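Notes to accompany the following structure.
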Amino acid sequence: MSLVADMRACEEALLHGNFADDMVALDRLLAPDFVEVGSNARISERAQVVGWLLRKDPAARWLLDDMHVQEIAQGVRLVRYRAKQVSPEPSQGSGALHSSIWCFNREMHCWQLRFHQATKLG
């Protein structure tokens, strides 16, 4: 699997996952010290993002495009892409630019999201 395909699968698992009955999967995807800078410029800790992931519409889907992946250190990847919600109702704007830092957890043998930032497009 290519770097882009590998990280796209991680991003989509997090965005499209329904974690209400599978907190183990969510714990595998989000690092314990995860932090996010949202498109509203607010900083959210892990617990806040977990709450959003548990409340979001399970039918919500996003189109991810123009994805770039750079290995910035061994077991650390920077992922950049554009995302736009396409269902259940398409977003009215142009979507957002996203940047994520994923780190490989050797004990759990999985990629975990440590940092995420979204910037709304016009």
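Numbering starts fresh at 1 for the residues of each chain in the structure tokens, the chains themselves are lettered A, B, ... in the order given, and ligands are numbered from 1 as they appear.
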
Using backbone DSSP assignments, extract all helix (DSSP H, G or I) residues from chain A; output them as an NGL selection string. :A and (3-16 or 23-29 or 46-55)

Taking 2 positions as the minimum chain separation for residues in the same chain, which residues sit within 7 Å of segment 37-53 of chain A when counting only C-alpha atoms? Answer as a list in words.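 Once the nearby chain positions are removed, what remains is Asp33, Phe34, Val35, Arg55, Lys56, His116, Gln117, Ala118, Thr119 and Lys120 of chain A.
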
Deliver the residues from the most recent selection as a file, using C-alpha atoms, as a short mmCIF file (atom, residue, chain, number, x, y, z; two decimals), in the first residue's frame.
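Saved to part05.cif:
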```cif
data_model
loop_
_atom_site.label_atom_id
_atom_site.label_comp_id
_atom_site.auth_asym_id
_atom_site.auth_seq_id
_atom_site.Cartn_x
_atom_site.Cartn_y
_atom_site.Cartn_z
CA ASP A 33 -2.35 13.40 23.85
CA PHE A 34 -4.26 14.31 20.68
CA VAL A 35 -5.06 18.00 20.12
CA ARG A 55 -22.37 12.63 18.31
CA LYS A 56 -21.82 13.14 14.58
CA HIS A 116 -5.02 17.97 13.41
CA GLN A 117 -5.78 21.42 12.02
CA ALA A 118 -8.51 22.53 9.64
CA THR A 119 -8.68 25.86 7.80
CA LYS A 120 -11.94 26.78 6.05
#
```

So, with only C-alpha atoms as the atoms that count, which of A:Ile101, A:Val69, A:Ala31, A:Leu54 lies closest to Leu3 of chain A?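 Answer, going by the shortest atom-to-atom distance: A:Val69.
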
Pick from A:Ile72, A:Gly122, A:Cys110, A:Ala60, whichever lies nearest to Leu29 of chain A using only C-alpha atoms: A:Cys110

Determine which residues of chain A DSSP labels as strand (DSSP E) from the backbone of this structure, then write them out as a VMD selection string. chain A and resid 30 to 37 43 to 45 61 to 73 76 to 87 96 to 105 110 to 120

Please identify all polymer residues within 10 Å of segment 84-94 of chain A, counting only C-alpha atoms, omitting same-chain residues fewer than 6 positions from it, and present them as a list of chain:residue names. A:Asp57, A:Pro58, A:Ala59, A:Ala60, A:Arg61, A:Trp62, A:Leu63, A:Leu64, A:Asp65, A:Lys120, A:Leu121, A:Gly122

When you look at Phe104 of chain A with a cut-off of 10 Å (counting only C-alpha atoms), what residues show up, excluding the ones that are within fewer than 4 positions of it in the same chain? I need them as a VMD selection string. chain A and resid 31 74 to 77 108 to 114

Could the residues in this selection be saved with N, CA and C atoms as an mmCIF file, in the first residue's frame?
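Final output, again_39.cif:
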```cif
data_model
loop_
_atom_site.group_PDB
_atom_site.id
_atom_site.type_symbol
_atom_site.label_atom_id
_atom_site.label_comp_id
_atom_site.auth_asym_id
_atom_site.auth_seq_id
_atom_site.Cartn_x
_atom_site.Cartn_y
_atom_site.Cartn_z
ATOM 1 N N ALA A 31 -4.429 9.350 19.456
ATOM 2 C CA ALA A 31 -3.395 9.268 20.495
ATOM 3 C C ALA A 31 -3.925 9.868 21.797
ATOM 4 N N GLN A 74 11.060 8.993 11.279
ATOM 5 C CA GLN A 74 10.676 7.586 11.279
ATOM 6 C C GLN A 74 9.427 7.412 12.145
ATOM 7 N N GLY A 75 8.372 6.887 11.533
ATOM 8 C CA GLY A 75 7.125 6.658 12.253
ATOM 9 C C GLY A 75 6.293 7.903 12.487
ATOM 10 N N VAL A 76 6.597 9.000 11.760
ATOM 11 C CA VAL A 76 5.837 10.249 11.886
ATOM 12 C C VAL A 76 5.516 10.757 10.486
ATOM 13 N N ARG A 77 4.224 10.962 10.219
ATOM 14 C CA ARG A 77 3.798 11.408 8.894
ATOM 15 C C ARG A 77 2.935 12.659 8.980
ATOM 16 N N MET A 108 0.890 -0.804 20.019
ATOM 17 C CA MET A 108 -0.422 -1.169 19.486
ATOM 18 C C MET A 108 -0.360 -1.560 18.009
ATOM 19 N N HIS A 109 0.795 -1.313 17.388
ATOM 20 C CA HIS A 109 1.040 -1.610 15.975
ATOM 21 C C HIS A 109 -0.022 -0.959 15.076
ATOM 22 N N CYS A 110 -0.166 0.387 15.260
ATOM 23 C CA CYS A 110 -1.140 1.126 14.457
ATOM 24 C C CYS A 110 -0.727 2.595 14.385
ATOM 25 N N TRP A 111 -1.284 3.295 13.408
ATOM 26 C CA TRP A 111 -1.095 4.734 13.283
ATOM 27 C C TRP A 111 -2.097 5.441 14.179
ATOM 28 N N GLN A 112 -1.618 6.474 14.888
ATOM 29 C CA GLN A 112 -2.486 7.263 15.750
ATOM 30 C C GLN A 112 -2.342 8.741 15.407
ATOM 31 N N LEU A 113 -3.475 9.420 15.375
ATOM 32 C CA LEU A 113 -3.493 10.843 15.104
ATOM 33 C C LEU A 113 -3.100 11.605 16.363
ATOM 34 N N ARG A 114 -2.058 12.450 16.259
ATOM 35 C CA ARG A 114 -1.569 13.246 17.401
ATOM 36 C C ARG A 114 -2.013 14.698 17.299
#
```

Quick one, how far is atom CA of Val24 of chain A from atom CA of Gln70 of chain A? 27.3 Å

Nearby residues (only C-alpha atoms) at most 9 Å from Tyr81 of chain A, same-chain spacing under 4 positions excluded, as a ChimeraX atom specification: /A:64-69,96-100

Those residues you just picked out, can you put them in a file as a short mmCIF file (atom, residue, chain, number, x, y, z; two decimals), in the first residue's frame with C-alpha atoms?
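The file below, result-v5.cif, is the result:
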```cif
data_model
loop_
_atom_site.label_atom_id
_atom_site.label_comp_id
_atom_site.auth_asym_id
_atom_site.auth_seq_id
_atom_site.Cartn_x
_atom_site.Cartn_y
_atom_site.Cartn_z
CA LEU A 64 -10.89 13.95 0.57
CA ASP A 65 -8.78 15.11 -2.35
CA ASP A 66 -5.38 16.53 -3.22
CA MET A 67 -3.80 14.42 -0.48
CA HIS A 68 -0.08 14.68 0.17
CA VAL A 69 1.88 12.60 2.66
CA ALA A 96 -11.38 23.07 4.29
CA LEU A 97 -7.65 22.44 4.12
CA HIS A 98 -6.55 19.85 6.65
CA SER A 99 -3.18 19.00 8.15
CA SER A 100 -2.65 15.97 10.35
#
```
